[in-house]
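Data block for work_28.txt (compact mmCIF, C-alpha atoms):
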# COMPACT_ATOMS: atom_id res chain seq x y z
CA MET A 1 225.57 88.22 132.99
CA ILE A 2 226.42 84.66 133.94
CA THR A 3 229.06 82.41 132.43
CA ARG A 4 228.18 78.76 132.38
CA ILE A 5 231.14 76.44 132.66
CA ALA A 6 229.52 73.04 132.18
CA ALA A 7 228.82 71.93 128.62
CA ARG A 8 225.19 72.11 127.61
CA ARG A 9 223.23 68.93 127.41
CA ARG A 10 220.90 69.27 124.51
CA ALA A 11 217.94 67.49 123.01
CA ALA A 12 218.60 63.82 123.79
CA VAL A 13 219.35 64.40 127.45
CA THR A 14 216.47 66.84 127.77
CA ALA A 15 214.00 64.27 126.49
CA ALA A 16 215.39 61.58 128.77
CA THR A 17 215.28 63.72 131.89
CA ALA A 18 211.79 64.93 131.09
CA CYS A 19 210.48 61.39 131.02
CA ALA A 20 212.29 60.48 134.23
CA LEU A 21 210.88 63.47 136.07
CA ALA A 22 207.25 62.92 135.10
CA VAL A 23 206.47 61.76 138.61
CA ALA A 24 203.73 62.70 141.05
CA LEU A 25 204.28 65.79 143.15
CA THR A 26 205.35 65.04 146.70
CA ALA A 27 204.97 67.20 149.77
CA CYS A 28 207.45 65.81 152.27
CA SER A 29 208.22 66.98 155.76
CA GLY A 30 211.79 67.27 156.94
CA THR A 31 213.93 68.10 159.90
CA THR A 32 213.16 71.03 162.17
CA LYS A 33 215.32 74.15 162.02
CA ASP A 34 217.31 75.00 165.06
CA SER A 35 215.38 77.29 167.39
CA ALA A 36 218.18 79.83 167.44
CA GLU A 37 217.49 82.11 164.48
CA LYS A 38 219.84 84.70 163.04
CA ASP A 39 218.62 88.17 162.21
CA THR A 40 220.16 88.26 158.75
CA THR A 41 219.02 90.14 155.67
CA ASN A 42 219.40 89.68 151.96
CA ALA A 43 222.69 90.58 150.44
CA GLY A 44 224.98 88.05 152.03
CA THR A 45 227.59 90.74 152.64
CA ALA A 46 227.91 89.98 156.37
CA ALA A 47 228.16 86.23 155.85
CA LYS A 48 231.22 84.58 154.32
CA ALA A 49 230.94 81.87 151.71
CA ASP A 50 232.64 78.52 152.21
CA PRO A 51 232.79 76.94 148.74
CA ASN A 52 234.12 73.70 150.24
CA ALA A 53 231.21 73.24 152.63
CA PRO A 54 229.17 70.09 151.90
CA LEU A 55 225.47 70.38 151.14
CA LYS A 56 223.59 69.92 154.39
CA LYS A 57 221.43 66.84 154.79
CA GLY A 58 217.76 67.15 155.71
CA LEU A 59 217.19 70.61 154.25
CA LYS A 60 213.56 71.64 153.70
CA LEU A 61 212.75 73.48 150.47
CA ALA A 62 209.40 74.94 149.44
CA PHE A 63 208.50 75.92 145.87
CA LEU A 64 205.92 78.70 145.58
CA PRO A 65 204.80 79.07 141.94
CA LYS A 66 202.68 81.86 140.48
CA GLN A 67 199.72 79.52 140.67
CA ILE A 68 199.50 75.89 141.70
CA ASN A 69 197.69 74.68 138.56
CA ASN A 70 200.08 76.18 135.99
CA PRO A 71 201.37 73.22 133.89
CA TYR A 72 204.71 74.88 133.13
CA GLU A 73 205.46 75.70 136.74
CA LYS A 74 204.41 72.20 137.79
CA ILE A 75 207.24 70.87 135.58
CA VAL A 76 209.72 73.33 137.14
CA ASP A 77 208.73 72.55 140.71
CA GLU A 78 208.61 68.77 140.34
CA ALA A 79 212.10 68.83 138.84
CA GLY A 80 213.36 70.92 141.76
CA ILE A 81 211.75 68.56 144.26
CA ALA A 82 213.34 65.56 142.53
CA ALA A 83 216.72 67.33 142.58
CA ALA A 84 216.40 67.84 146.34
CA GLU A 85 216.24 64.08 146.79
CA GLU A 86 219.64 63.78 145.11
CA TYR A 87 221.37 65.66 147.92
CA GLY A 88 219.31 64.34 150.83
CA ALA A 89 216.77 67.16 151.16
CA THR A 90 212.99 67.26 150.96
CA GLY A 91 210.90 69.59 148.84
CA LYS A 92 207.26 70.49 148.38
CA GLU A 93 205.11 72.74 146.22
CA VAL A 94 202.51 75.07 147.69
CA GLY A 95 200.70 78.03 146.21
CA PRO A 96 197.54 79.87 145.23
CA SER A 97 195.06 78.85 142.54
CA ASP A 98 195.09 82.38 141.09
CA ALA A 99 197.95 84.61 140.00
CA SER A 100 196.92 87.86 141.68
CA ALA A 101 199.55 90.20 143.08
CA SER A 102 199.01 89.39 146.76
CA SER A 103 197.94 85.75 146.47
CA GLN A 104 201.33 84.38 147.53
CA VAL A 105 201.68 86.38 150.76
CA SER A 106 199.78 84.04 153.07
CA TYR A 107 201.78 81.06 151.79
CA ILE A 108 205.07 82.80 152.56
CA ASN A 109 203.88 83.51 156.11
CA THR A 110 202.94 79.85 156.57
CA LEU A 111 206.33 78.68 155.24
CA ILE A 112 208.06 80.96 157.73
CA GLN A 113 206.05 79.40 160.54
CA GLN A 114 207.03 75.95 159.25
CA ARG A 115 210.68 77.00 159.46
CA GLN A 116 211.65 76.02 155.94
CA ASP A 117 215.33 76.28 155.07
CA ALA A 118 214.64 77.88 151.70
CA ILE A 119 211.70 79.37 149.82
CA LEU A 120 211.82 79.37 146.02
CA ILE A 121 209.28 81.76 144.51
CA ALA A 122 208.05 82.71 141.04
CA ALA A 123 206.69 86.11 141.95
CA ASN A 124 203.32 87.33 140.70
CA ASP A 125 204.31 90.86 141.68
CA PRO A 126 207.84 92.13 142.40
CA ASN A 127 206.84 94.15 145.46
CA ALA A 128 203.70 92.62 146.98
CA VAL A 129 205.70 89.66 148.34
CA CYS A 130 208.61 91.70 149.67
CA GLY A 131 207.45 92.23 153.26
CA PRO A 132 207.08 88.58 154.19
CA LEU A 133 210.15 87.53 152.17
CA LYS A 134 212.28 90.00 154.12
CA GLN A 135 210.87 88.53 157.33
CA ALA A 136 211.87 85.10 156.07
CA MET A 137 215.44 86.22 155.43
CA LYS A 138 215.65 87.78 158.90
CA LYS A 139 214.92 84.31 160.26
CA ASP A 140 217.74 82.86 158.13
CA ILE A 141 215.39 81.30 155.60
CA LYS A 142 217.05 81.59 152.20
CA VAL A 143 214.98 83.11 149.37
CA VAL A 144 215.50 82.25 145.72
CA ALA A 145 213.34 83.77 142.99
CA TYR A 146 212.93 81.81 139.79
CA ASP A 147 211.14 82.41 136.49
CA SER A 148 209.74 85.79 137.67
CA ASP A 149 211.84 87.99 139.95
CA THR A 150 211.03 89.93 143.10
CA ALA A 151 212.54 93.30 143.90
CA LYS A 152 216.28 92.71 144.28
CA ASP A 153 216.45 93.30 148.04
CA CYS A 154 213.73 90.72 148.72
CA ARG A 155 215.75 87.62 147.80
CA GLN A 156 219.33 86.39 147.65
CA LEU A 157 219.27 84.88 144.17
CA PHE A 158 217.25 85.03 140.96
CA ILE A 159 217.35 82.01 138.64
CA ASN A 160 216.68 83.49 135.21
CA GLN A 161 215.68 81.22 132.34
CA ALA A 162 217.82 83.09 129.83
CA SER A 163 218.92 86.66 129.27
CA SER A 164 215.77 88.79 129.50
CA GLU A 165 216.99 90.92 126.62
CA GLU A 166 217.63 87.86 124.47
CA ILE A 167 214.15 86.48 125.13
CA GLY A 168 212.34 89.74 124.39
CA ARG A 169 214.28 90.67 121.28
CA SER A 170 214.35 87.16 119.81
CA LEU A 171 210.56 86.82 119.97
CA VAL A 172 210.16 89.99 117.89
CA GLN A 173 212.93 88.89 115.52
CA HIS A 174 211.25 85.53 114.92
CA LEU A 175 207.82 87.06 114.36
CA GLY A 176 209.24 89.76 112.09
CA GLU A 177 210.81 87.14 109.83
CA GLN A 178 207.56 85.17 109.71
CA ILE A 179 205.36 88.10 108.67
CA GLY A 180 207.88 89.75 106.35
CA TYR A 181 208.29 92.73 108.70
CA GLN A 182 204.87 94.04 107.67
CA GLY A 183 201.63 94.64 109.55
CA LYS A 184 199.97 95.00 112.92
CA ILE A 185 200.98 92.79 115.83
CA ALA A 186 199.79 92.28 119.40
CA ILE A 187 201.18 90.78 122.60
CA LEU A 188 199.18 88.39 124.79
CA SER A 189 200.84 88.49 128.21
CA ALA A 190 200.11 86.94 131.62
CA THR A 191 199.36 89.39 134.45
CA GLN A 192 200.01 93.12 134.31
CA ASN A 193 202.42 92.92 137.26
CA ALA A 194 204.47 89.85 136.23
CA THR A 195 208.12 90.91 136.44
CA ASN A 196 209.44 88.60 133.74
CA GLN A 197 206.64 89.39 131.28
CA ASN A 198 207.02 93.15 131.68
CA THR A 199 210.80 92.99 131.31
CA TRP A 200 210.52 90.95 128.11
CA ILE A 201 207.85 93.28 126.74
CA GLU A 202 210.06 96.32 127.29
CA PHE A 203 212.81 94.66 125.25
CA MET A 204 210.23 93.74 122.59
CA LYS A 205 209.17 97.38 122.33
CA ASP A 206 212.78 98.49 122.15
CA GLU A 207 213.51 95.97 119.38
CA LEU A 208 210.52 97.28 117.42
CA LYS A 209 212.13 100.73 117.31
CA LEU A 210 214.84 99.45 114.96
CA PRO A 211 214.56 100.49 111.27
CA ARG A 212 213.83 96.96 110.01
CA TYR A 213 210.49 97.04 111.87
CA LYS A 214 209.31 100.38 110.47
CA ASN A 215 206.34 98.69 108.77
CA MET A 216 205.32 96.70 111.85
CA ARG A 217 203.11 98.25 114.52
CA LEU A 218 202.33 96.99 118.02
CA VAL A 219 198.63 97.78 118.46
CA LYS A 220 197.88 96.27 121.88
CA VAL A 221 199.25 94.40 124.88
CA ALA A 222 196.48 92.15 126.23
CA TYR A 223 196.52 90.28 129.55
CA GLY A 224 195.13 86.79 130.02
CA ASP A 225 196.26 86.56 133.67
CA ASP A 226 197.81 83.13 132.97
CA ALA A 227 194.26 81.74 132.92
CA ASP A 228 193.37 79.52 129.98
CA GLN A 229 189.83 80.75 129.36
CA LYS A 230 190.67 84.43 129.80
CA SER A 231 193.66 84.08 127.45
CA PHE A 232 191.38 82.38 124.91
CA GLN A 233 188.88 85.25 125.20
CA GLN A 234 191.62 87.86 124.95
CA THR A 235 192.81 86.26 121.70
CA GLN A 236 189.27 86.39 120.35
CA GLY A 237 188.98 90.02 121.42
CA LEU A 238 192.25 90.97 119.71
CA LEU A 239 191.07 89.56 116.39
CA GLN A 240 187.66 91.16 116.68
CA ALA A 241 189.25 94.55 117.36
CA TYR A 242 192.00 94.11 114.75
CA PRO A 243 190.77 91.75 111.99
CA ASP A 244 193.84 92.63 109.91
CA LEU A 245 196.23 91.55 112.67
CA LYS A 246 199.28 89.77 111.23
CA GLY A 247 200.87 88.30 114.32
CA ILE A 248 200.62 87.63 118.06
CA ILE A 249 203.46 87.13 120.52
CA SER A 250 202.49 85.32 123.71
CA PRO A 251 205.45 85.05 126.12
CA THR A 252 203.54 82.77 128.49
CA THR A 253 202.91 79.04 128.18
CA VAL A 254 199.27 79.35 129.22
CA GLY A 255 198.64 82.20 126.81
CA ILE A 256 200.26 80.69 123.74
CA ALA A 257 198.39 77.39 124.16
CA ALA A 258 195.05 79.18 124.57
CA ALA A 259 195.74 81.45 121.59
CA ALA A 260 196.70 78.44 119.46
CA ARG A 261 193.47 76.68 120.43
CA TYR A 262 191.43 79.68 119.31
CA LEU A 263 193.34 80.20 116.06
CA GLY A 264 193.28 76.50 115.21
CA ASP A 265 189.46 76.46 115.12
CA SER A 266 189.00 79.83 113.42
CA SER A 267 189.22 81.33 109.96
CA TYR A 268 192.47 82.99 111.08
CA LYS A 269 194.38 79.70 111.05
CA GLY A 270 197.33 80.06 108.70
CA LYS A 271 196.68 83.79 108.33
CA VAL A 272 197.72 85.09 111.77
CA VAL A 273 201.19 84.09 112.92
CA LEU A 274 201.47 83.02 116.56
CA ASN A 275 204.84 82.91 118.30
CA GLY A 276 205.99 82.99 121.89
CA LEU A 277 206.95 80.72 124.77
CA GLY A 278 205.39 77.27 125.18
CA THR A 279 206.14 73.68 126.11
CA PRO A 280 206.49 71.01 123.40
CA ASN A 281 203.78 68.80 124.88
CA GLN A 282 201.29 71.68 124.94
CA MET A 283 202.10 72.91 121.46
CA ARG A 284 202.89 69.72 119.52
CA LYS A 285 199.46 69.32 117.90
CA TYR A 286 199.34 72.98 116.87
CA VAL A 287 202.75 72.75 115.22
CA LYS A 288 201.78 69.58 113.40
CA ASP A 289 198.44 70.90 112.15
CA GLY A 290 199.98 74.15 110.88
CA THR A 291 198.45 76.54 113.41
CA VAL A 292 201.91 77.45 114.76
CA GLU A 293 205.15 77.32 112.79
CA GLN A 294 207.57 77.77 115.72
CA PHE A 295 207.85 78.81 119.36
CA SER A 296 210.59 78.96 121.98
CA LEU A 297 211.38 77.85 125.52
CA TRP A 298 214.22 76.78 127.77
CA ASN A 299 214.07 73.41 129.54
CA PRO A 300 211.79 74.03 132.57
CA GLU A 301 213.08 70.90 134.29
CA GLU A 302 216.61 72.29 134.22
CA LEU A 303 215.29 75.58 135.62
CA GLY A 304 213.79 73.79 138.63
CA TYR A 305 216.86 71.59 139.03
CA LEU A 306 219.20 74.61 139.03
CA GLY A 307 217.00 76.52 141.47
CA SER A 308 216.99 73.59 143.87
CA TYR A 309 220.78 73.27 143.93
CA ALA A 310 221.22 77.05 144.23
CA ALA A 311 218.91 77.14 147.25
CA ALA A 312 220.79 74.22 148.85
CA ALA A 313 224.14 75.93 148.24
CA LEU A 314 222.81 79.06 149.97
CA ALA A 315 221.37 77.14 152.91
CA SER A 316 224.62 75.19 153.28
CA GLY A 317 226.86 78.27 153.27
CA GLN A 318 228.65 77.43 150.02
CA ILE A 319 227.51 80.78 148.60
CA THR A 320 225.95 83.95 149.96
CA GLY A 321 224.57 85.39 146.72
CA ALA A 322 227.49 87.71 146.01
CA GLU A 323 228.61 88.36 142.45
CA GLY A 324 231.40 86.05 141.30
CA GLU A 325 230.69 83.19 143.69
CA LYS A 326 230.57 79.72 142.13
CA PHE A 327 228.69 76.55 142.98
CA LYS A 328 227.98 73.16 141.42
CA ALA A 329 224.45 72.33 140.34
CA GLY A 330 224.65 68.55 140.17
CA LYS A 331 224.62 67.18 136.63
CA LEU A 332 224.27 70.69 135.15
CA GLY A 333 227.79 71.58 136.26
CA GLU A 334 229.22 74.79 137.67
CA TYR A 335 227.57 78.20 137.65
CA THR A 336 228.82 81.66 138.56
CA ILE A 337 226.60 84.25 140.24
CA GLY A 338 226.30 87.47 138.29
CA LYS A 339 225.23 91.01 139.09
CA ASP A 340 222.37 91.43 141.57
CA GLY A 341 222.42 87.72 142.39
CA GLU A 342 221.28 86.65 138.92
CA ILE A 343 222.02 83.18 137.57
CA ILE A 344 221.15 82.49 133.94
CA LEU A 345 220.21 78.95 132.97
CA GLY A 346 221.17 79.20 129.29
CA GLU A 347 219.88 79.85 125.80
CA PRO A 348 216.27 78.99 124.88
CA THR A 349 215.48 76.40 122.21
CA VAL A 350 213.32 77.12 119.14
CA PHE A 351 210.83 74.31 118.48
CA ASP A 352 209.32 73.49 115.09
CA LYS A 353 208.19 70.45 113.08
CA GLY A 354 211.77 69.36 112.60
CA ASN A 355 212.65 68.89 116.27
CA ILE A 356 209.54 68.97 118.45
CA ASP A 357 209.23 65.18 118.72
CA LYS A 358 212.68 65.02 120.32
CA PHE A 359 211.29 66.67 123.46
CA ASP A 360 208.86 65.43 126.09
CA PHE A 361 207.93 68.06 128.65
Translate this structure into structure tokens?
Amino acid sequence: MITRIAARRRAAVTAATACALAVALTACSGTTKDSAEKDTTNAGTAAKADPNAPLKKGLKLAFLPKQINNPYEKIVDEAGIAAAEEYGATGKEVGPSDASASSQVSYINTLIQQRQDAILIAANDPNAVCGPLKQAMKKDIKVVAYDSDTAKDCRQLFINQASSEEIGRSLVQHLGEQIGYQGKIAILSATQNATNQNTWIEFMKDELKLPRYKNMRLVKVAYGDDADQKSFQQTQGLLQAYPDLKGIISPTTVGIAAAARYLGDSSYKGKVVLNGLGTPNQMRKYVKDGTVEQFSLWNPEELGYLGSYAAAALASGQITGAEGEKFKAGKLGEYTIGKDGEIILGEPTVFDKGNIDKFDF
């Protein structure tokens, strides 16, 4: 678990930063890495951190999202690229148009050939990307997972949005309150191999074992593959198979928006409760028209910003990824690395009619 030392900036600052970071994606080139490459691996145990080392100028960072056209990950990556400019680095976003398990591998190989200083990846599969990521680390390219983790020995750091347990359990808690702890529920996830989704779902299932949920039953976990149309169709299929369904949890921004679109134009509007993880700009109209009462998310811009500074701290030798090391993430303040190289951004925000217009991302 991570302790965060800097005070949280909440709604007003979030809205202001979101507007400022709504800029076009850039794909800049930077300085060339030195031809002498170290044969180093993940853990950072051989290297020694120098917390007083300055952030190096001219670093090259590459963001590799699950898929290039995912609106949520576009926000994360653009914020990380903008953060890189603050400390004199350049960043770019590259990635596949689909979220299949092996779709990111060729991009990692290309980034190695380009001699990037750091690769930041939201993994579609925890293991499929491991081979090339380990090759990257052997060439002293730092690897930071964000949003969705790789296997632990395939990166130095993992930037987690919030505690995985807190996310999973809170989504069930919110839905339970909304449906009076009665009835059938379903989960609309992203891909079957997505590390973050599967971790959250396990905590959801564990939460459902508690006595207060004895009259709630999880009937199906459906997968929309983080594709809008497939998620829409999966929602339709859930309600055809279970017409008495009381609630749906969709812990993916693509899925919850697609499910809301289906419910909003169906006879199930106001009858089936939809909760999950979404962005305010995607979900605003569904909250205002009564399709969705509430949903949750952390600030994706802060996630990208934190990932960018963490990668720069690694590449500059300020940290190695060892538990207990500290570094400063610009305006977000100081963070401490936890077990297995995990850094937790902070608590998610619950959005509803009362606060959604305070946010713009």
Report, in Å with one decimal, the straight-line distance from CA of Leu171 (chain A) to CA of Met216 (chain A).
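Separating CA of Leu171 (chain A) from CA of Met216 (chain A) is a distance of 13.8 Å.
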Close residues, Lys328 (chain A) itself excluded, 10 Å, all atoms listed in the file, min 4 positions apart in chain, as a PDB file with C-alpha atoms, keeping the file's coordinate frame:
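Saved the output as selection-v1.pdb:
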ATOM      1  CA  ILE A   5     231.140  76.440 132.660  1.00  0.00           C
ATOM      2  CA  ALA A   6     229.520  73.040 132.180  1.00  0.00           C
ATOM      3  CA  PRO A  51     232.790  76.940 148.740  1.00  0.00           C
ATOM      4  CA  LEU A 306     219.200  74.610 139.030  1.00  0.00           C
ATOM      5  CA  TYR A 309     220.780  73.270 143.930  1.00  0.00           C
ATOM      6  CA  ALA A 310     221.220  77.050 144.230  1.00  0.00           C
ATOM      7  CA  ALA A 313     224.140  75.930 148.240  1.00  0.00           C
ATOM      8  CA  GLN A 318     228.650  77.430 150.020  1.00  0.00           C
ATOM      9  CA  LEU A 332     224.270  70.690 135.150  1.00  0.00           C
ATOM     10  CA  GLY A 333     227.790  71.580 136.260  1.00  0.00           C
ATOM     11  CA  GLU A 334     229.220  74.790 137.670  1.00  0.00           C
ATOM     12  CA  TYR A 335     227.570  78.200 137.650  1.00  0.00           C
ATOM     13  CA  THR A 336     228.820  81.660 138.560  1.00  0.00           C
TER      14      THR A 336
END
Using all atoms listed in the file, find the one residue out of A:Ile108, A:Ile201, A:Ala49, A:Ala259 that sits nearest to Lys326 (chain A).
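Looking only at the distances to Lys326 (chain A), the closest residue turns out to be A:Ala49.
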At a cut-off of 12 Å from (218.0, 74.4, 136.2) in the coordinates of the file, what residues are picked up using only C-alpha atoms, written as a ChimeraX atom specification?
/A:4,8-9,14,17,75-83,146-147,158-162,298-311,328-335,343-347
Dump C-alpha atoms for the selected residues as a CSV table (one decimal), keeping the file's coordinate frame?
chain,number,residue,atom,x,y,z
A,4,ARG,CA,228.2,78.8,132.4
A,8,ARG,CA,225.2,72.1,127.6
A,9,ARG,CA,223.2,68.9,127.4
A,14,THR,CA,216.5,66.8,127.8
A,17,THR,CA,215.3,63.7,131.9
A,75,ILE,CA,207.2,70.9,135.6
A,76,VAL,CA,209.7,73.3,137.1
A,77,ASP,CA,208.7,72.6,140.7
A,78,GLU,CA,208.6,68.8,140.3
A,79,ALA,CA,212.1,68.8,138.8
A,80,GLY,CA,213.4,70.9,141.8
A,81,ILE,CA,211.8,68.6,144.3
A,82,ALA,CA,213.3,65.6,142.5
A,83,ALA,CA,216.7,67.3,142.6
A,146,TYR,CA,212.9,81.8,139.8
A,147,ASP,CA,211.1,82.4,136.5
A,158,PHE,CA,217.2,85.0,141.0
A,159,ILE,CA,217.4,82.0,138.6
A,160,ASN,CA,216.7,83.5,135.2
A,161,GLN,CA,215.7,81.2,132.3
A,162,ALA,CA,217.8,83.1,129.8
A,298,TRP,CA,214.2,76.8,127.8
A,299,ASN,CA,214.1,73.4,129.5
A,300,PRO,CA,211.8,74.0,132.6
A,301,GLU,CA,213.1,70.9,134.3
A,302,GLU,CA,216.6,72.3,134.2
A,303,LEU,CA,215.3,75.6,135.6
A,304,GLY,CA,213.8,73.8,138.6
A,305,TYR,CA,216.9,71.6,139.0
A,306,LEU,CA,219.2,74.6,139.0
A,307,GLY,CA,217.0,76.5,141.5
A,308,SER,CA,217.0,73.6,143.9
A,309,TYR,CA,220.8,73.3,143.9
A,310,ALA,CA,221.2,77.0,144.2
A,311,ALA,CA,218.9,77.1,147.2
A,328,LYS,CA,228.0,73.2,141.4
A,329,ALA,CA,224.4,72.3,140.3
A,330,GLY,CA,224.6,68.6,140.2
A,331,LYS,CA,224.6,67.2,136.6
A,332,LEU,CA,224.3,70.7,135.2
A,333,GLY,CA,227.8,71.6,136.3
A,334,GLU,CA,229.2,74.8,137.7
A,335,TYR,CA,227.6,78.2,137.6
A,343,ILE,CA,222.0,83.2,137.6
A,344,ILE,CA,221.2,82.5,133.9
A,345,LEU,CA,220.2,79.0,133.0
A,346,GLY,CA,221.2,79.2,129.3
A,347,GLU,CA,219.9,79.8,125.8
For Ala89 (chain A), the nearest of the candidates A:Gly58, A:Gly168, A:Gly224, A:Pro243, counting only C-alpha atoms:
A:Gly58
Could you list, as a PDB file with C-alpha atoms, in the frame of the given file, every residue within 6 Å of Val144 (chain A), counting only C-alpha atoms and ignoring same-chain residues fewer than 3 positions away?
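Output file selection08.pdb is given in full below:
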ATOM      1  CA  LEU A 120     211.820  79.370 146.020  1.00  0.00           C
ATOM      2  CA  ARG A 155     215.750  87.620 147.800  1.00  0.00           C
ATOM      3  CA  GLN A 156     219.330  86.390 147.650  1.00  0.00           C
ATOM      4  CA  LEU A 157     219.270  84.880 144.170  1.00  0.00           C
ATOM      5  CA  PHE A 158     217.250  85.030 140.960  1.00  0.00           C
TER       6      PHE A 158
END
A:Asp226, A:Glu293, A:Asp265, A:Glu325 ranked by distance to Ser97 (chain A), top pick (using all atoms listed in the file):
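Result for the nearest residue to Ser97 (chain A): A:Asp226.
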Hey, what's within 12 Å of Asn275 (chain A) if we count only C-alpha atoms and toss same-chain stuff fewer than 2 positions away? As a PyMOL selection string, please?
chain A and resi 168+170-179+185-188+246-253+255-257+259-260+272-273+277-278+283+286-287+291-297+350-352
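Counting from CA of Asn109 (chain A), the distance to CA of Glu86 (chain A) is 27.5 Å.
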